[in-house]
Amino acid sequence: MSDTKISGMPAASALTGVELVAGVQSGANVKVTASQVNTYVTSTLGSLAPRSSIPQTGLFYVAKNGNDTNAGDIANPFLTIGAAITAATSGTTIDVAPGNYVENVTLKAGVSIQGQQARSVYVTGNMTAAYSGTVYLHSLDLQGTSGAILTISGSNATKLDVHDVHIDAQSGATNAVNYTATNALTQFEAEDGSFNVINSSGGATVFTSSSGSAGSIIWEDISARIADNLDNVSLNIGGAVSFVHTLDTVDGSVQVANSASYIGTDIRYTTSTVPVLTTNSSSVSALGTVDISTTAVPAVTGAGLFAYGLVGYSSTGYGFAPTLNVGTGAIIAPISSLSVLGTVNKVVITPPSVGSTLTIANGKTLTASNSLTLSGTDSTAMTFPSTSATIARTDAAQSFTGNQTFAGNTIFSVAASGPTLKQGANGRVGTFVANGATPVTVNNTSIAVTDAIAISLNTVGGTISGAPYIVTITGASGFTVAAGAADTSTYNYAIIKNAA
């Protein structure tokens, strides 16, 4: 198998410990350790700006007793955040007093906003970031009942850095965060907050990035929560974005598509009955040191690339599906994937609409220590390659129940080997004693009039003057056989069924 490199991580050939599950079609097998996933995340988080202060060259004030015609100083504050932004120039910080500010806010490059007290400054409406430059948001609660509460959009290189910001998408809102920015240099960094969807019945998500989006998202200590239905989508990650998430919880499922990547570490993922992560992206998604709580099996699914390390399960769901391609069933294994394991204690091939296939790679061996069962209402088949194949039990002979069909020759290559046919009531083999030229009746309900009967000598009796011959065959009843006039020998017979 080929090595695949995770951006920012060492080459796969240098890594050991935990597999990277690859879709069957990708043919990739990469290993990373939990510590390497965590190191990658830690180094990424190290790029976040310090939170102790916001860079500023000027200061405006906003308060509920203010007026938008004021100068914006501490004694004469603005009434609205929007008026302060309009008056501000790059480098200005807007200091907002406690209260609920009902307005839509369009952020301006270089103009940052901070609440005077944590969890006391509320902005009810929609906030938009589409500038070229950097904005810091500190100690704000964003909420609303329509549209996306926070939208990051446009083709500019937008950097939005938020700290102690909480977002509540209330009933009627579409998303907590809607990300459609197309510039690969756009960054959305968040620390110490909570992003929530109160009512997801209309498809609202905590975070959605569009298929054409690009840039990077870095969340540290940010909980993502679907409050009403844990089986709905919490993080819907598309486009070419890179999403790194650490140190909190995700309630609701994570979906990764297009060429987006998602890396989560020190996270608790919770759903009710659906997989916590579905990745169909061409880029890698990775989980390191996480807890998964779901009843879904597998707990992680999709056809994309997936790396993991130190995954714990706190409910009945478990395991990873290497692929869910159309026409191929999910391969489910406890704790780890089948692609590199020597043994597992459970393999389930689920039935999709077309069929299910278990493929053993060239040079590999499938060993069943107990039983291997092919069953179902449709026909089942075990197919072997055109060159050679072997079915062998190492401890005893094979036992087959039911009709076995062989399209080619059956070859016994070991000396003294061959088929052994058991005799029994109405079996297809047996013996009879000749009575000279008088026909002897052999009762056998297994016979048909189109069958052939092979006869061989068992024990000589009397005088053999010719080979015995079949006189009559009566289907489902038996046959009669005669011999030479003085022949009383014992003969074997075998009924050979007509292939037609």
# chains A, B, ... in the order shown; residues from 1 in each chain; ligands from 1
call {"tool": "select_by_dssp", "arguments": {"residues": "segment 149-194 of chain A", "states": "strand (DSSP E or B)", "output": "PyMOL selection string"}}
result
chain A and resi 149-152+158-169+173-179+187-194
call {"tool": "write_last_selection", "arguments": {"atoms": "N, CA and C atoms", "output": "mmCIF file, in the first residue's frame"}}
result
data_model
loop_
_atom_site.group_PDB
_atom_site.id
_atom_site.type_symbol
_atom_site.label_atom_id
_atom_site.label_comp_id
_atom_site.auth_asym_id
_atom_site.auth_seq_id
_atom_site.Cartn_x
_atom_site.Cartn_y
_atom_site.Cartn_z
ATOM 1 N N ILE A 149 -26.552 33.405 12.641
ATOM 2 C CA ILE A 149 -26.211 34.390 13.665
ATOM 3 C C ILE A 149 -24.872 35.046 13.338
ATOM 4 N N LEU A 150 -23.909 34.259 12.881
ATOM 5 C CA LEU A 150 -22.623 34.791 12.454
ATOM 6 C C LEU A 150 -22.328 34.264 11.058
ATOM 7 N N THR A 151 -22.071 35.177 10.123
ATOM 8 C CA THR A 151 -21.742 34.786 8.752
ATOM 9 C C THR A 151 -20.344 35.293 8.418
ATOM 10 N N ILE A 152 -19.496 34.402 7.912
ATOM 11 C CA ILE A 152 -18.162 34.760 7.426
ATOM 12 C C ILE A 152 -18.164 34.484 5.933
ATOM 13 N N THR A 158 -10.028 37.313 5.321
ATOM 14 C CA THR A 158 -10.669 37.744 6.558
ATOM 15 C C THR A 158 -10.134 36.936 7.733
ATOM 16 N N LYS A 159 -9.732 37.639 8.808
ATOM 17 C CA LYS A 159 -9.366 36.945 10.027
ATOM 18 C C LYS A 159 -10.276 37.427 11.149
ATOM 19 N N LEU A 160 -10.989 36.464 11.739
ATOM 20 C CA LEU A 160 -11.873 36.764 12.861
ATOM 21 C C LEU A 160 -11.415 35.933 14.048
ATOM 22 N N ASP A 161 -11.054 36.633 15.135
ATOM 23 C CA ASP A 161 -10.525 35.986 16.334
ATOM 24 C C ASP A 161 -11.479 36.279 17.485
ATOM 25 N N VAL A 162 -12.133 35.246 18.025
ATOM 26 C CA VAL A 162 -13.134 35.454 19.072
ATOM 27 C C VAL A 162 -12.722 34.722 20.344
ATOM 28 N N HIS A 163 -12.991 35.364 21.487
ATOM 29 C CA HIS A 163 -12.654 34.798 22.789
ATOM 30 C C HIS A 163 -13.810 35.061 23.749
ATOM 31 N N ASP A 164 -14.235 34.007 24.460
ATOM 32 C CA ASP A 164 -15.360 34.113 25.388
ATOM 33 C C ASP A 164 -16.590 34.663 24.671
ATOM 34 N N VAL A 165 -16.846 34.112 23.492
ATOM 35 C CA VAL A 165 -18.029 34.473 22.707
ATOM 36 C C VAL A 165 -18.962 33.272 22.673
ATOM 37 N N HIS A 166 -20.237 33.526 22.955
ATOM 38 C CA HIS A 166 -21.240 32.469 22.985
ATOM 39 C C HIS A 166 -22.306 32.787 21.951
ATOM 40 N N ILE A 167 -22.677 31.784 21.152
ATOM 41 C CA ILE A 167 -23.654 31.978 20.084
ATOM 42 C C ILE A 167 -24.833 31.049 20.330
ATOM 43 N N ASP A 168 -26.031 31.603 20.342
ATOM 44 C CA ASP A 168 -27.261 30.820 20.471
ATOM 45 C C ASP A 168 -28.132 31.069 19.251
ATOM 46 N N ALA A 169 -28.224 30.042 18.390
ATOM 47 C CA ALA A 169 -29.152 30.100 17.261
ATOM 48 C C ALA A 169 -30.502 29.620 17.770
ATOM 49 N N ALA A 173 -33.673 30.411 13.473
ATOM 50 C CA ALA A 173 -32.361 30.684 12.876
ATOM 51 C C ALA A 173 -31.940 29.513 11.995
ATOM 52 N N THR A 174 -31.111 29.771 10.984
ATOM 53 C CA THR A 174 -30.664 28.720 10.075
ATOM 54 C C THR A 174 -29.392 28.045 10.553
ATOM 55 N N ASN A 175 -28.440 28.822 11.071
ATOM 56 C CA ASN A 175 -27.187 28.270 11.584
ATOM 57 C C ASN A 175 -26.647 29.194 12.671
ATOM 58 N N ALA A 176 -25.841 28.611 13.558
ATOM 59 C CA ALA A 176 -25.094 29.476 14.471
ATOM 60 C C ALA A 176 -23.989 30.194 13.705
ATOM 61 N N VAL A 177 -23.217 29.440 12.907
ATOM 62 C CA VAL A 177 -22.152 30.014 12.083
ATOM 63 C C VAL A 177 -22.316 29.509 10.648
ATOM 64 N N ASN A 178 -22.376 30.430 9.716
ATOM 65 C CA ASN A 178 -22.426 30.076 8.294
ATOM 66 C C ASN A 178 -21.161 30.611 7.629
ATOM 67 N N TYR A 179 -20.392 29.705 7.045
ATOM 68 C CA TYR A 179 -19.071 30.050 6.514
ATOM 69 C C TYR A 179 -19.062 29.825 5.006
ATOM 70 N N GLN A 187 -9.240 33.091 8.153
ATOM 71 C CA GLN A 187 -9.105 32.325 9.388
ATOM 72 C C GLN A 187 -10.217 32.705 10.357
ATOM 73 N N PHE A 188 -10.825 31.691 10.946
ATOM 74 C CA PHE A 188 -11.813 31.897 12.002
ATOM 75 C C PHE A 188 -11.327 31.122 13.219
ATOM 76 N N GLU A 189 -10.844 31.894 14.227
ATOM 77 C CA GLU A 189 -10.278 31.291 15.423
ATOM 78 C C GLU A 189 -11.157 31.628 16.621
ATOM 79 N N ALA A 190 -11.481 30.594 17.429
ATOM 80 C CA ALA A 190 -12.373 30.796 18.566
ATOM 81 C C ALA A 190 -11.852 30.034 19.769
ATOM 82 N N GLU A 191 -11.977 30.658 20.948
ATOM 83 C CA GLU A 191 -11.512 30.028 22.185
ATOM 84 C C GLU A 191 -12.461 30.377 23.323
ATOM 85 N N ASP A 192 -12.696 29.375 24.182
ATOM 86 C CA ASP A 192 -13.463 29.574 25.418
ATOM 87 C C ASP A 192 -14.858 30.122 25.146
ATOM 88 N N GLY A 193 -15.695 29.301 24.532
ATOM 89 C CA GLY A 193 -17.061 29.731 24.267
ATOM 90 C C GLY A 193 -17.961 28.539 24.018
ATOM 91 N N SER A 194 -19.189 28.819 23.621
ATOM 92 C CA SER A 194 -20.154 27.776 23.286
ATOM 93 C C SER A 194 -20.988 28.241 22.111
#
call {"tool": "atom_distance", "arguments": {"atom1": "atom CA of Asp291 of chain A", "atom2": "atom CA of Gly238 of chain A"}}
result
23.7 Å
call {"tool": "closest_residue", "arguments": {"among": "A:Ile222, A:Ala454, A:Ile473, A:Leu235", "to": "Asp248 of chain A", "atoms": "only C-alpha atoms"}}
result
A:Ile222
call {"tool": "residues_around", "arguments": {"residues": "Ala296 of chain A", "least_positions_apart": "3", "cutoff": "6 Å", "atoms": "only C-alpha atoms", "output": "PyMOL selection string"}}
result
chain A and resi 273-275+299+317
call {"tool": "closest_residue", "arguments": {"among": "A:Leu247, A:Val123, A:Ala109, A:Leu59", "to": "Gly144 of chain A", "atoms": "only C-alpha atoms"}}
result
A:Val123
call {"tool": "atom_distance", "arguments": {"atom1": "atom CA of Leu305 of chain A", "atom2": "atom CA of Leu277 of chain A"}}
result
11.8 Å
call {"tool": "residues_around", "arguments": {"residues": "Ala214 of chain A", "least_positions_apart": "6", "cutoff": "12 Å", "atoms": "only C-alpha atoms", "output": "ChimeraX atom specification"}}
result
/A:152-158,179-188,237-243,258-261
call {"tool": "write_last_selection", "arguments": {"atoms": "C-alpha atoms", "output": "PDB file, in the first residue's frame"}}
result
ATOM      1  CA  ILE A 152     -18.162  34.760   7.426  1.00  0.00           C
ATOM      2  CA  SER A 153     -18.233  35.364   3.697  1.00  0.00           C
ATOM      3  CA  GLY A 154     -16.620  36.959   0.675  1.00  0.00           C
ATOM      4  CA  SER A 155     -13.341  36.636  -1.216  1.00  0.00           C
ATOM      5  CA  ASN A 156     -11.201  38.786   1.112  1.00  0.00           C
ATOM      6  CA  ALA A 157      -8.524  37.417   3.448  1.00  0.00           C
ATOM      7  CA  THR A 158     -10.669  37.744   6.558  1.00  0.00           C
ATOM      8  CA  TYR A 179     -19.071  30.050   6.514  1.00  0.00           C
ATOM      9  CA  THR A 180     -18.915  30.812   2.770  1.00  0.00           C
ATOM     10  CA  ALA A 181     -15.543  32.620   2.580  1.00  0.00           C
ATOM     11  CA  THR A 182     -13.597  31.602  -0.521  1.00  0.00           C
ATOM     12  CA  ASN A 183     -10.118  32.957   0.265  1.00  0.00           C
ATOM     13  CA  ALA A 184      -7.714  30.262   1.476  1.00  0.00           C
ATOM     14  CA  LEU A 185      -6.105  32.849   3.810  1.00  0.00           C
ATOM     15  CA  THR A 186      -9.328  33.413   5.731  1.00  0.00           C
ATOM     16  CA  GLN A 187      -9.105  32.325   9.388  1.00  0.00           C
ATOM     17  CA  PHE A 188     -11.813  31.897  12.002  1.00  0.00           C
ATOM     18  CA  ILE A 237     -17.910  20.892   7.042  1.00  0.00           C
ATOM     19  CA  GLY A 238     -17.553  21.263   3.278  1.00  0.00           C
ATOM     20  CA  GLY A 239     -15.432  23.000   0.689  1.00  0.00           C
ATOM     21  CA  ALA A 240     -11.662  23.127   1.102  1.00  0.00           C
ATOM     22  CA  VAL A 241     -11.597  24.309   4.713  1.00  0.00           C
ATOM     23  CA  SER A 242      -9.248  22.966   7.374  1.00  0.00           C
ATOM     24  CA  PHE A 243     -11.020  22.579  10.734  1.00  0.00           C
ATOM     25  CA  ASN A 258     -15.536  17.759  -0.611  1.00  0.00           C
ATOM     26  CA  SER A 259     -11.846  18.313   0.203  1.00  0.00           C
ATOM     27  CA  ALA A 260     -12.392  19.618   3.735  1.00  0.00           C
ATOM     28  CA  SER A 261     -10.418  18.212   6.659  1.00  0.00           C
TER      29      SER A 261
END
call {"tool": "closest_residue", "arguments": {"among": "A:Val233, A:Leu137, A:Ile411, A:Ala482", "to": "Pro439 of chain A", "atoms": "only C-alpha atoms"}}
result
A:Ala482
call {"tool": "residues_around", "arguments": {"residues": "Val300 of chain A", "least_positions_apart": "2", "cutoff": "7 Å", "atoms": "only C-alpha atoms", "output": "PyMOL selection string"}}
result
chain A and resi 275-278+298+319-321
call {"tool": "atom_distance", "arguments": {"atom1": "atom CA of Phe432 of chain A", "atom2": "atom CA of Tyr491 of chain A"}}
result
5.5 Å
